[in-house]
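Novice: Submitted below is the structure of interest, expressed as structure tokens.
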Amino acid sequence: MSIDISVAAPATSVEGRSPAQLAWSRIKSDRTAWVSGVVVLFFVLLGAISPIFQRIMHLSPDQFSPETLDENMGAMPIGPFGGMSTAHWLGVEPRTGRDVFLRFVFGARTSLSIALIATIVATIIGVLIGLLSGFFGGKIDQFFSRLMEIVLAFPSILFALAITPVLESVLQDAGLPIGNPTRIPVMIFVIATFGWPYIARIVRGQVISMREREFVDAARALGASRAHLVFKQILPNLWAPILVTVALNIPTFITTEAALTFLGAGVIEPTSDWGAMLLASVPFYSVDPMYTAIPGFALFFLVLAFNLFGDSVRDALDPKSSR
Amino acid sequence: MSLSKKAIALVGTLALGVTAFVMAPSTQAASAVNGPAPAIPGATKGGILTILNQYDFEHLDPARNYVGSALDFYRFFVRTLTQYRTVDGKTTLQPDVAADLGTTPDGGKTWTFKLRTNLKYEDGSKVTCADLKYGTMRSFNDEILDGGTTYAEQWLLNPTNFTGPYTQPTGDLTSIICSPSGDAITYKLSQPIPYFPYVTTFGSFSPVPKAKDTKLKYDDHPLATGPYKIQSYDRGKQITLVRNQYWNAATDPVRWNYPDKIVAKFGYEQNALESLLLSDAGAARTSISLDTNVVTNLPKILAAPTKYKDRYLSFASPYSRHLNINMTTITDLNERKAIQCAVDLKTVILAAGGSSAGTYSNSLIPSSISDGYRNFDVCGRDVHKNPEAQVAAAKAFLAKAVNPKMNINFSYRTKGTEPQRAAAIQQALQAVGFTVTMKALSSATFYTEIGKTDKGVVQADLMQTSWGYDWAASSGIIFALLDGRTITPTDAHSNYSRLNDPALQVLFEKADLITDGPASDKALGDIDQKAIQDLAAVIPMYFENTNVIWGSKLGGIHADGGWGTISPISAYIKK
Amino acid sequence: MFRYLVRRIVGGVLVLGIVSAVVFGLFFVLPADPARLACGKSCTPELMAQIRHSLEIDQPVQVQYARFIKGIFKGRTYLKGTEAEIQCAAPCLGYSFRTNELVTDLLKDRAPATLSIAFGASILWLLIGLASGIISALKRGTWIDKASQGVALAGASLQIYFVGLILQFILVDKLQWLHSPGYVSPFDDPKEWAMEMALPWLTLAFLLSAIYARLTRAGMLEVMSEDYIRTARAKGLSSRRINFKHVLRGAITPIVTVFGLDLGSLLGGAVITEYVFNIPGLGRLATDAVSTVDLPVIIGTVLLAAVFIVVANLIVDFVYMFLDPKVRLS
């Protein structure tokens with residue numbers, strides 16, 4: 001057995017008549033939650049409306065602008081701060097002249113979509129397995145616990161790098177087109193595969209503590225089916241810990257996505273992505289620091305905001321667990 | 001013609017003779033044959049030369065070495081039959097283990113070299129003609145000693161089907177004959193090769209004593225015949241060379257021996273190396289990197305030219321970067337011409353790092369091979385003056401094309417600036433209406449994958465490839481890249497365009513018979529022009545430049561015309 | 001308790017067996033044919049078959065796997081071509097398709113760099129994390145606490161590939177306080193070793209100490225509110241003694257757990273760290289092997305990393321059991 005490192009303390013469920021209302025009122029009065037929530041929303045929104053910027057600027061994120069580069073000076077952007085100008089708000093990419101702002105907002109779209117889908121997939125798997133494991137116990141529990149142990153024994157990043165070309169070829173053999181249509185599903189699969197055990201373990205703990213509670217006993221005495229017990233009695237009472245786990249896992253998934261892309265197992269050129277932007281900026285960090293700083297700080301603020309927001313949600317749902 | 005695909009997939013550049021051969025080597029036989037090599041002005045003996053590389057040398061076993069920088073470096077301890085010497089920017093071919101540059105009585109089919117008889121290995125034992133012969137014979141055992149050139153196997157007569165001494169311990173390669181006194185060696189070839197003395201600069205023409213052949217382990221310690229020997233070698237990390245007391249400068253016209261010790265360290269990262277050498281701090285002052293083409297920090301150097309005047313060099317490498325259009329999947333000539341016109345060479349060279357990264361090219365033959373090169377128009381314009389995409393012309397060609405394949409599968413490597421260049425090409429093609437599916441492949445698999453011609457394999461329509469010639473003549477380029485005879489049922493070999501045009505093949509068969517260097521260059525230059533201009537099988541983009549920087553305390557660094565790399569062979573430590 | 005120990009160890013070995021089988025099996029369906037790669041120049045079908053045979057990839061996967069497992073325990077001999085032999089003593093993990101070196105030699109060769117990163121960085125982050133956590137807890141609510149919490153939070157949200165570049169820009173390129181990261185043996189040149197390792201150590205310490213500071217602070221505050229501490233205080237024990245003897249000890253359990261797991265995963269190859277700073281360690285070996293499709297090296301590195309993780313888990317369990325009697329009894 002091992003102990004989850006990404007989540008500080010497992011939350012216990014909230015007692016009381018209207019936990020949702022209670023939690024909401026707590027969040028409303030929490031300044032950190034507001035600020036971080038707004039930051040998260042801001043990035044999500046940027047990503048969501050990125051095509052609008054493309055329209056306004058009459059420019060695609062993949063559009064090369066050779067006129068913004070100095071051919072005789074190593075093809076670096078002309079002008080200060082990586083070629084910032086009224087036409088290119090955050091400057092241009094060295095050697096290509098692609099607009100950094102557009103690549104940044106489209107990158108937000110890619111990075112966040114992949115991380116969110118991976119989160120949803122991991123959550124569904126984690127919750128299902130956690131439920132089954134916790135509710136039935138015995139052989140089923142043992143099987144899933146072993147499975148989790150095995151998954152967690154894999155050096156995840158390393159294995160993900162090695163396995164990506166294998167899975168890609170499997171998908172391509174199945175008829176999916178080459179490039180991002182196969183790469184992105186593989187990334188989601190890999191991230192979710194190594195992410196679900198953290199969620200499953202917490203859910204399992206919650207279910208075990210809940211399955212002997214009065215209301216479950218009562219339902220059982222009334223002759224409710226197992227499915228009814230699991231999905232109608234126990235699951236609805238688990239939304240709080242699941243929500244907390246998800247909130248705290250999203251930043252981990254975002255950084256894993258960026259790390260995979262950074263290491264070369266991520267989205268493929270010319271699709272923009274924050275990890276890819278960081279990777280592309282590495283050679284230029286000393287000559288064009290702006291280009292590194294933009295995706296780097298954005299990733300930092302987004303993850304920080306998610307972390308703070310996750311903490312706030314947890315505090316709101318279970319004031320005991322923190323401080 | 002088969003050149004190793006593996007070699008071009010490797011890290012360094014591989015190249016021979018940036019100088020074209022102006023005269024047939026046989027007429028040079030009377031030139032100076034003895035050492036020592038002319039002294040470098042201001043050079044003194046002593047000190048430690050440090051080489052900081054990103055990667056270890058792939059192979060140092062002379063039978064397996066096929067990478068420019070390693071071929072240059074191992075001259076410190078390996079001597080070959082003939083070898084290059086670059087002094088004051090001039091590169092000449094010199095006899096090395098040989099005592100002359102060879103003579104041929106029959107127009108290049110039989111070659112005889114006189115040998116030096118007073119050479120010794122690092123253990124004091126004598127270098128013999130039999131060792132030289134054995135060195136070539138062991139290179140036949142390809143399946144064990146992989147890597148290296150295949151010229152010996154290709155061109156030496158082999159009536160007994162000798163497969164190498166490891167598989168046939170008692171076999172013999174009868175086409176190499178040592179004179180009874182051991183002071184001359186004769187090679188019998190299956191076809192006239194007028195440039196054979198250039199080919200003998202490769203390691204499969206170096207002496208290896210049979211008794212000391214450690215097979216795979218020989219790679220870690222080839223027995224030294226040069227001014228240095230290997231003291232220690234920790235693969236992937238460091239190799240240390242110290243003086244070889246049995247080397248005699250008077251017998252060696254191509255090597256210098258200024259430093260007391262040479263230490264090469266591996267495992268550095270490109271940018272770290274650039275910054276380190278630029279900073280010129282501490283040990284970096286006596287350091288150079290043999291596999292680092294300065295890219296990122298180039299603007300800093302270009303901005304302060306006087307500051308780096310004595311320790312920066314930019315020179316043309318023999319590396320052509322081009323696009324291959326697959327003739328078997330893009331069958332319509334107008335469509336190929338549309339692609340050729342659509343590619344924007346300017347964005348490509350910007351993506352590669354700007355004008356210091358390379359020079360636009362219209363041809364697969366570099367302008368330095370003056371008999372083969374001509375400046376013909378591609379898509380109706382001189383690409384040197386007008387490298388931008390010809391969008392209108394491209395659209396016009398596309399309109400004329402019959403059933404054009406609008407979805408283009410484009411394969412490229414995920415190496416260096418190649419993804420950015422590929423993105424530039426994708427952009428340019430999309431601008432005229434193509435849809436481009438990008439297929440990124442790792443360096444390790446790229447050339448294998450795009451060469452596949454097996455039935456059922458989805459072949460790429462467009463491939464971003466490169467070629468570094470093995471000797472500076474059209475024959476080192478065009479046979480490998482455009483000759484339809486290289487294509488087999490499973491592999492296009494290096495003819496990635498799958499070009500197999502009947503009219504061109506007639507020209508190839510004629511070119512086969514030409515033994516005169518300039519005439520051969522010219523005939524192949526015709527083929528080059530036809531393949532590019534008329535058939536649009538290839539889109540040349542640029543010839544790469546190499547930009548190198550080294551520590552301020554190093555002198556005697558030069559661009560080696562023989563191997564096309566930066567060379568430390570005449571380096572000395574400034575006092 | 002002895003039975004528990006044995007059961008955990010057996011379990012760990014089983015997990016490793018499954019990991020190795022999964023890795024082995026999955027890579028068998030890899031698209032790139034290593035024989036075709038090794039058969040670069042003038043490749044004929046005969047040569048190809050010969051190479052397939054000498055790489056042993058012409059055998060069914062279960063045969064290869066059985067030989068692989070047997071090699072780990074008994075060693076084996078490979079034939080390359082017809083004459084050249086490669087002797088591979090137990091524990092044999094095969095030889096690199098690219099360089100013909102034994103995988104175990106490669107691992108041995110690269111391990112020191114990774115060990116240097118892991119131990120140096122872990123000592124640093126543990127010291128920084130514990131110190132700032134303790135100060136935060138004792139000075140709860142003051143600006144020191146807030147500042148240290150802020151830094152911890154920032155550290156937890158930053159990425160090594162970004163922080164590493166910033167620190168390199170400042171400390172190496174601009175101020176030239178540290179040397180460009182790399183690895184030299186501490187036995188050859190201890191000063192240079194420390195100077196080249198300093199940047200990865202600092203970067204990792206900055207990022208990871210955050211978690212430890214948070215854990216220490218939370219753990220101490222929780223223990224401080226417990227009854228027995230109040231009792232100790234009432235008994236008149238000095239507050240320093242209480243803080244260090246009781247409170248810290250009570251808070252240490254989760255820290256040990258997290259530390260063991262972090263160290264375990266770092267020892268298997270600090271993939272991103274080694275990639276960013278280009279340090280020739282196990283992680284770098286693995287990423288290089290992935291890009292050159294060097295299967296035996298990929299399998300070897302993944303397996304070794306898994307061993308580190310499993311062993312770290314076991315040690316954590318045992319330490320946990322030792323620190324917390326409740327676990328022992330259950």
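Going by the structure tokens order, chains are called A, B, ..., each with residues numbered from 1, while ligands are numbered from 1 in the order shown.
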Please run DSSP on the backbone and report, as a PyMOL selection string, all residues within segment 57-116 of chain C that come out as alpha helix (DSSP H).
Specialist: chain C and resi 61-74+103-116
Novice: For chain B, report every residue with an atom at most 9 Å from chain C (counting only C-alpha atoms), formatted as an MDAnalysis selection string.
Specialist: chainID B and resid 2:7 58 141:144 146:150 166:167 215:216 236:237 267:269 272:273 275:276 279 442:445 448:449 493
Novice: Could you give me, as an NGL selection string, the residues within 12 Å of segment 203-207 of chain A, counting only C-alpha atoms and dropping anything in the same chain fewer than 2 positions from it?
Specialist: :A and (10-14 or 123-137 or 140-142 or 144-145 or 148 or 196-201 or 209-213 or 216 or 229-231 or 233-246)
Novice: List as a Markdown table every residue of chain A that is in contact with chain B, defined as an atom at most 6 Å from one of its atoms (using only C-alpha atoms), together with the nearest atom pair and the distance in Å rounded to one decimal, sorted by chain and then rising number.
Specialist:
| residue | atom | partner | partner_atom | distance |
| --- | --- | --- | --- | --- |
| A:Glu71 | CA | B:Gly354 | CA | 4.5 |
| A:Asn72 | CA | B:Ser355 | CA | 5.3 |
| A:Met73 | CA | B:Pro299 | CA | 5.0 |
| A:Gly74 | CA | B:Gly354 | CA | 4.7 |
| A:Ala75 | CA | B:Gly354 | CA | 4.5 |
| A:Arg95 | CA | B:Ala351 | CA | 4.4 |
| A:Thr96 | CA | B:Ala351 | CA | 5.5 |
| A:Gly179 | CA | B:Lys439 | CA | 5.9 |
| A:Pro270 | CA | B:Ala423 | CA | 5.9 |
| A:Pro283 | CA | B:Thr296 | CA | 5.9 |
Novice: Include all heavy atoms and write out the residues we just selected as a PDB file, in the first residue's frame.
Specialist:
ATOM      1  N   GLU A  71      16.271  38.119 -40.956  1.00  0.00           N
ATOM      2  CA  GLU A  71      16.891  36.959 -41.593  1.00  0.00           C
ATOM      3  C   GLU A  71      18.388  36.888 -41.319  1.00  0.00           C
ATOM      4  O   GLU A  71      18.966  35.811 -41.228  1.00  0.00           O
ATOM      5  CB  GLU A  71      16.626  36.995 -43.101  1.00  0.00           C
ATOM      6  CG  GLU A  71      17.020  35.704 -43.802  1.00  0.00           C
ATOM      7  CD  GLU A  71      16.634  35.668 -45.271  1.00  0.00           C
ATOM      8  OE1 GLU A  71      15.870  36.548 -45.716  1.00  0.00           O
ATOM      9  OE2 GLU A  71      17.099  34.758 -45.970  1.00  0.00           O
ATOM     10  N   ASN A  72      19.015  38.049 -41.160  1.00  0.00           N
ATOM     11  CA  ASN A  72      20.466  38.054 -40.979  1.00  0.00           C
ATOM     12  C   ASN A  72      20.896  37.966 -39.523  1.00  0.00           C
ATOM     13  O   ASN A  72      22.073  37.937 -39.229  1.00  0.00           O
ATOM     14  CB  ASN A  72      21.065  39.304 -41.614  1.00  0.00           C
ATOM     15  CG  ASN A  72      20.889  39.281 -43.121  1.00  0.00           C
ATOM     16  OD1 ASN A  72      21.065  38.233 -43.747  1.00  0.00           O
ATOM     17  ND2 ASN A  72      20.498  40.402 -43.685  1.00  0.00           N
ATOM     18  N   MET A  73      19.940  37.962 -38.603  1.00  0.00           N
ATOM     19  CA  MET A  73      20.300  37.850 -37.200  1.00  0.00           C
ATOM     20  C   MET A  73      19.696  36.585 -36.594  1.00  0.00           C
ATOM     21  O   MET A  73      19.011  36.622 -35.570  1.00  0.00           O
ATOM     22  CB  MET A  73      19.832  39.090 -36.432  1.00  0.00           C
ATOM     23  CG  MET A  73      20.642  40.330 -36.752  1.00  0.00           C
ATOM     24  SD  MET A  73      22.377  40.151 -36.306  1.00  0.00           S
ATOM     25  CE  MET A  73      22.273  40.368 -34.551  1.00  0.00           C
ATOM     26  N   GLY A  74      19.902  35.499 -37.241  1.00  0.00           N
ATOM     27  CA  GLY A  74      19.424  34.229 -36.712  1.00  0.00           C
ATOM     28  C   GLY A  74      17.916  34.097 -36.715  1.00  0.00           C
ATOM     29  O   GLY A  74      17.364  33.317 -35.946  1.00  0.00           O
ATOM     30  N   ALA A  75      17.238  34.882 -37.573  1.00  0.00           N
ATOM     31  CA  ALA A  75      15.785  34.811 -37.693  1.00  0.00           C
ATOM     32  C   ALA A  75      15.076  35.088 -36.372  1.00  0.00           C
ATOM     33  O   ALA A  75      14.061  34.479 -36.049  1.00  0.00           O
ATOM     34  CB  ALA A  75      15.336  33.479 -38.285  1.00  0.00           C
ATOM     35  N   ARG A  95      12.078  32.553 -35.549  1.00  0.00           N
ATOM     36  CA  ARG A  95      12.253  31.680 -36.717  1.00  0.00           C
ATOM     37  C   ARG A  95      10.997  31.407 -37.536  1.00  0.00           C
ATOM     38  O   ARG A  95      11.096  30.911 -38.644  1.00  0.00           O
ATOM     39  CB  ARG A  95      12.838  30.330 -36.315  1.00  0.00           C
ATOM     40  CG  ARG A  95      14.271  30.485 -35.878  1.00  0.00           C
ATOM     41  CD  ARG A  95      14.900  29.139 -35.824  1.00  0.00           C
ATOM     42  NE  ARG A  95      16.183  29.229 -35.178  1.00  0.00           N
ATOM     43  CZ  ARG A  95      16.696  28.283 -34.441  1.00  0.00           C
ATOM     44  NH1 ARG A  95      16.032  27.172 -34.257  1.00  0.00           N
ATOM     45  NH2 ARG A  95      17.867  28.423 -33.898  1.00  0.00           N
ATOM     46  N   THR A  96       9.796  31.634 -36.948  1.00  0.00           N
ATOM     47  CA  THR A  96       8.598  31.387 -37.742  1.00  0.00           C
ATOM     48  C   THR A  96       7.788  32.662 -37.893  1.00  0.00           C
ATOM     49  O   THR A  96       7.098  32.842 -38.888  1.00  0.00           O
ATOM     50  CB  THR A  96       7.691  30.338 -37.095  1.00  0.00           C
ATOM     51  OG1 THR A  96       7.241  30.843 -35.846  1.00  0.00           O
ATOM     52  CG2 THR A  96       8.416  29.036 -36.894  1.00  0.00           C
ATOM     53  N   GLY A 179      -1.085  11.593 -37.027  1.00  0.00           N
ATOM     54  CA  GLY A 179      -0.997  12.945 -36.486  1.00  0.00           C
ATOM     55  C   GLY A 179      -1.807  13.086 -35.214  1.00  0.00           C
ATOM     56  O   GLY A 179      -2.011  12.125 -34.479  1.00  0.00           O
ATOM     57  N   PRO A 270       1.620  21.685 -36.419  1.00  0.00           N
ATOM     58  CA  PRO A 270       1.755  23.021 -35.845  1.00  0.00           C
ATOM     59  C   PRO A 270       0.729  23.318 -34.746  1.00  0.00           C
ATOM     60  O   PRO A 270       0.641  24.462 -34.340  1.00  0.00           O
ATOM     61  CB  PRO A 270       1.501  23.907 -37.056  1.00  0.00           C
ATOM     62  CG  PRO A 270       0.511  23.144 -37.867  1.00  0.00           C
ATOM     63  CD  PRO A 270       0.757  21.699 -37.622  1.00  0.00           C
ATOM     64  N   PRO A 283      15.483  26.659 -26.639  1.00  0.00           N
ATOM     65  CA  PRO A 283      16.730  27.123 -27.250  1.00  0.00           C
ATOM     66  C   PRO A 283      16.907  28.632 -27.171  1.00  0.00           C
ATOM     67  O   PRO A 283      18.014  29.131 -27.309  1.00  0.00           O
ATOM     68  CB  PRO A 283      16.600  26.690 -28.716  1.00  0.00           C
ATOM     69  CG  PRO A 283      15.523  25.683 -28.751  1.00  0.00           C
ATOM     70  CD  PRO A 283      14.618  25.983 -27.616  1.00  0.00           C
TER      71      PRO A 283
END
Novice: Produce a table with one row for each residue of chain A that has an atom at most 8 Å from any atom of chain C, each row naming the nearest atom pair and its distance in Å at one decimal; use only C-alpha atoms; arrange rows by chain and rising residue number; format as a Markdown table.
Specialist:
| residue | atom | partner | partner_atom | distance |
| --- | --- | --- | --- | --- |
| A:Met1 | CA | C:Asn313 | CA | 7.2 |
| A:Ser2 | CA | C:Asn313 | CA | 6.2 |
| A:Ile3 | CA | C:Thr257 | CA | 6.9 |
| A:Ile5 | CA | C:Val258 | CA | 6.2 |
| A:Ala8 | CA | C:Leu215 | CA | 7.6 |
| A:Glu149 | CA | C:Val15 | CA | 7.5 |
| A:Ile150 | CA | C:Val15 | CA | 5.6 |
| A:Ala153 | CA | C:Ala306 | CA | 5.4 |
| A:Phe154 | CA | C:Ala306 | CA | 5.5 |
| A:Pro155 | CA | C:Ala306 | CA | 6.0 |
| A:Ile157 | CA | C:Val271 | CA | 7.5 |
| A:Leu158 | CA | C:Val271 | CA | 6.9 |
| A:Phe159 | CA | C:Val302 | CA | 6.7 |
| A:Leu161 | CA | C:Val290 | CA | 7.2 |
| A:Ala162 | CA | C:Val290 | CA | 5.6 |
| A:Ile163 | CA | C:Phe27 | CA | 7.6 |
| A:Pro165 | CA | C:Leu30 | CA | 7.3 |
| A:Val166 | CA | C:Leu30 | CA | 5.0 |
| A:Ser169 | CA | C:Pro31 | CA | 6.3 |
| A:Thr255 | CA | C:Gln159 | CA | 7.4 |
| A:Ala259 | CA | C:Ile272 | CA | 7.7 |
| A:Leu263 | CA | C:Ile272 | CA | 7.5 |
| A:Leu278 | CA | C:Phe162 | CA | 7.6 |
| A:Val282 | CA | C:Leu165 | CA | 7.6 |
| A:Tyr285 | CA | C:Leu165 | CA | 7.2 |
| A:Ser286 | CA | C:Phe169 | CA | 6.5 |
| A:Thr292 | CA | C:Phe162 | CA | 7.9 |
| A:Gly296 | CA | C:Phe162 | CA | 5.7 |
| A:Leu299 | CA | C:Leu158 | CA | 7.8 |
| A:Phe300 | CA | C:Leu158 | CA | 5.3 |
| A:Phe301 | CA | C:Ser157 | CA | 7.8 |
| A:Val303 | CA | C:Ser157 | CA | 5.4 |
| A:Leu304 | CA | C:Ser157 | CA | 5.0 |
| A:Asn307 | CA | C:Ser157 | CA | 7.4 |
| A:Ser322 | CA | C:Ala218 | CA | 7.8 |
| A:Arg323 | CA | C:Ala218 | CA | 6.6 |
Novice: Could you save the residues just selected, with N, CA and C atoms, as a short mmCIF file (atom, residue, chain, number, x, y, z; two decimals), in the first residue's frame?
Specialist:
data_model
loop_
_atom_site.label_atom_id
_atom_site.label_comp_id
_atom_site.auth_asym_id
_atom_site.auth_seq_id
_atom_site.Cartn_x
_atom_site.Cartn_y
_atom_site.Cartn_z
N MET A 1 0.83 -1.20 0.00
CA MET A 1 0.00 0.00 0.00
C MET A 1 0.86 1.24 0.00
N SER A 2 0.36 2.29 -0.56
CA SER A 2 1.12 3.52 -0.52
C SER A 2 0.14 4.66 -0.33
N ILE A 3 0.73 5.79 -0.04
CA ILE A 3 -0.16 6.88 0.32
C ILE A 3 -0.13 7.97 -0.74
N ILE A 5 0.10 11.15 -2.74
CA ILE A 5 0.91 12.32 -2.44
C ILE A 5 0.33 13.59 -3.05
N ALA A 8 -3.56 16.30 -0.13
CA ALA A 8 -3.00 16.42 1.20
C ALA A 8 -3.73 15.56 2.21
N GLU A 149 -1.96 -1.10 -7.24
CA GLU A 149 -0.57 -1.20 -6.81
C GLU A 149 0.34 -1.36 -8.02
N ILE A 150 -0.11 -2.18 -8.98
CA ILE A 150 0.70 -2.40 -10.18
C ILE A 150 0.80 -1.11 -11.00
N ALA A 153 3.13 1.24 -9.59
CA ALA A 153 4.53 0.81 -9.59
C ALA A 153 5.23 1.19 -10.90
N PHE A 154 4.44 1.57 -11.92
CA PHE A 154 5.05 1.98 -13.19
C PHE A 154 5.65 3.37 -13.05
N PRO A 155 6.87 3.55 -13.56
CA PRO A 155 7.39 4.92 -13.64
C PRO A 155 6.59 5.64 -14.72
N ILE A 157 5.85 8.70 -16.18
CA ILE A 157 6.28 9.55 -17.30
C ILE A 157 7.11 8.74 -18.30
N LEU A 158 8.05 8.00 -17.75
CA LEU A 158 8.94 7.19 -18.57
C LEU A 158 8.14 6.18 -19.41
N PHE A 159 7.22 5.51 -18.73
CA PHE A 159 6.43 4.50 -19.43
C PHE A 159 5.55 5.16 -20.48
N LEU A 161 6.15 7.83 -22.18
CA LEU A 161 6.98 8.16 -23.34
C LEU A 161 7.19 6.94 -24.22
N ALA A 162 7.49 5.82 -23.56
CA ALA A 162 7.82 4.62 -24.31
C ALA A 162 6.59 4.02 -24.99
N ILE A 163 5.45 4.16 -24.34
CA ILE A 163 4.27 3.46 -24.83
C ILE A 163 3.53 4.25 -25.93
N PRO A 165 4.37 5.65 -28.90
CA PRO A 165 4.43 5.16 -30.28
C PRO A 165 3.73 3.82 -30.48
N VAL A 166 3.74 2.97 -29.45
CA VAL A 166 3.09 1.67 -29.56
C VAL A 166 1.58 1.86 -29.72
N SER A 169 0.51 3.36 -33.02
CA SER A 169 0.47 2.45 -34.17
C SER A 169 -0.75 1.55 -34.10
N THR A 255 -0.29 19.64 -15.72
CA THR A 255 1.17 19.64 -15.78
C THR A 255 1.69 18.35 -16.41
N ALA A 259 4.12 18.25 -19.51
CA ALA A 259 5.38 17.52 -19.42
C ALA A 259 5.54 16.55 -20.57
N LEU A 263 8.39 16.65 -23.39
CA LEU A 263 9.34 15.57 -23.64
C LEU A 263 9.18 14.98 -25.05
N LEU A 278 6.60 25.87 -24.52
CA LEU A 278 7.75 25.88 -23.62
C LEU A 278 8.92 25.13 -24.23
N VAL A 282 12.82 26.68 -25.39
CA VAL A 282 14.05 26.35 -24.64
C VAL A 282 15.32 26.87 -25.33
N TYR A 285 15.83 30.71 -24.63
CA TYR A 285 15.53 31.34 -23.35
C TYR A 285 16.50 32.47 -23.01
N SER A 286 17.73 32.39 -23.50
CA SER A 286 18.67 33.46 -23.16
C SER A 286 18.64 34.62 -24.15
N THR A 292 9.85 32.39 -23.56
CA THR A 292 9.77 31.35 -22.54
C THR A 292 8.82 31.77 -21.43
N GLY A 296 5.34 29.87 -19.70
CA GLY A 296 5.81 29.41 -18.39
C GLY A 296 4.99 30.02 -17.26
N LEU A 299 1.27 28.91 -17.33
CA LEU A 299 1.09 27.58 -16.75
C LEU A 299 1.15 27.67 -15.23
N PHE A 300 2.07 28.48 -14.75
CA PHE A 300 2.22 28.67 -13.30
C PHE A 300 0.94 29.25 -12.70
N PHE A 301 0.43 30.34 -13.28
CA PHE A 301 -0.75 30.97 -12.71
C PHE A 301 -1.96 30.05 -12.78
N VAL A 303 -2.03 26.74 -12.82
CA VAL A 303 -1.92 25.65 -11.86
C VAL A 303 -2.08 26.17 -10.43
N LEU A 304 -1.48 27.33 -10.17
CA LEU A 304 -1.62 27.94 -8.85
C LEU A 304 -3.10 28.21 -8.55
N ASN A 307 -4.89 25.03 -7.85
CA ASN A 307 -4.53 24.52 -6.53
C ASN A 307 -5.28 25.28 -5.44
N SER A 322 -8.74 21.30 6.94
CA SER A 322 -7.58 22.15 6.64
C SER A 322 -7.15 22.94 7.85
N ARG A 323 -6.16 23.76 7.62
CA ARG A 323 -5.61 24.68 8.61
C ARG A 323 -4.99 23.95 9.78
#
Novice: So what do you get for atom CA of Ala90 of chain C versus atom CA of Phe73 of chain C, distance-wise?
Specialist: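 Straight-line distance from atom CA of Ala90 of chain C to atom CA of Phe73 of chain C works out to 5.5 Å.
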Novice: If we count only C-alpha atoms and set the cut-off at 10 Å, which residues sit around segment 520-531 of chain B, ignoring sequence neighbours fewer than 3 positions away in its own chain? Please answer as a PyMOL selection string.
Specialist: chain B and resi 20+362-365+369-378+472-479+481-483+499+501+503-505+507-508+510-517+534-539
Novice: Name all residues at most 6 Å from segment 249-257 of chain B (count only C-alpha atoms; drop same-chain ones fewer than 2 positions away) and give them as a list in words.
Specialist: Asn34, Gly35, Pro36, Ala37, Arg85 and Ser570 of chain B
Novice: Using only C-alpha atoms, which residues sit within 8 Å of Leu93 of chain B once same-chain residues fewer than 4 positions away are excluded, as a ChimeraX atom specification?
Specialist: /B:82-85,101,198
Novice: Report, in Å to a single decimal, how far apart atom CA of Ile193 of chain B and atom CA of Gly108 of chain B are.
Specialist: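 Separation between atom CA of Gly108 of chain B and atom CA of Ile193 of chain B: 5.0 Å.
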Novice: As a ChimeraX atom specification, please: every residue in segment 59-271 of chain C that a backbone DSSP assignment puts in strand (DSSP E or B).
Specialist: /C:76-80,84-88,95,102
Novice: Find, counting only C-alpha atoms, the residue in C:Ala251, C:Leu178, C:Leu115, C:Ile72 that gets nearest to Gly133 of chain C.
Specialist: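 Checking each of C:Ala251, C:Leu178, C:Leu115, C:Ile72 against Gly133 of chain C, counting only C-alpha atoms, the winner is C:Ala251.
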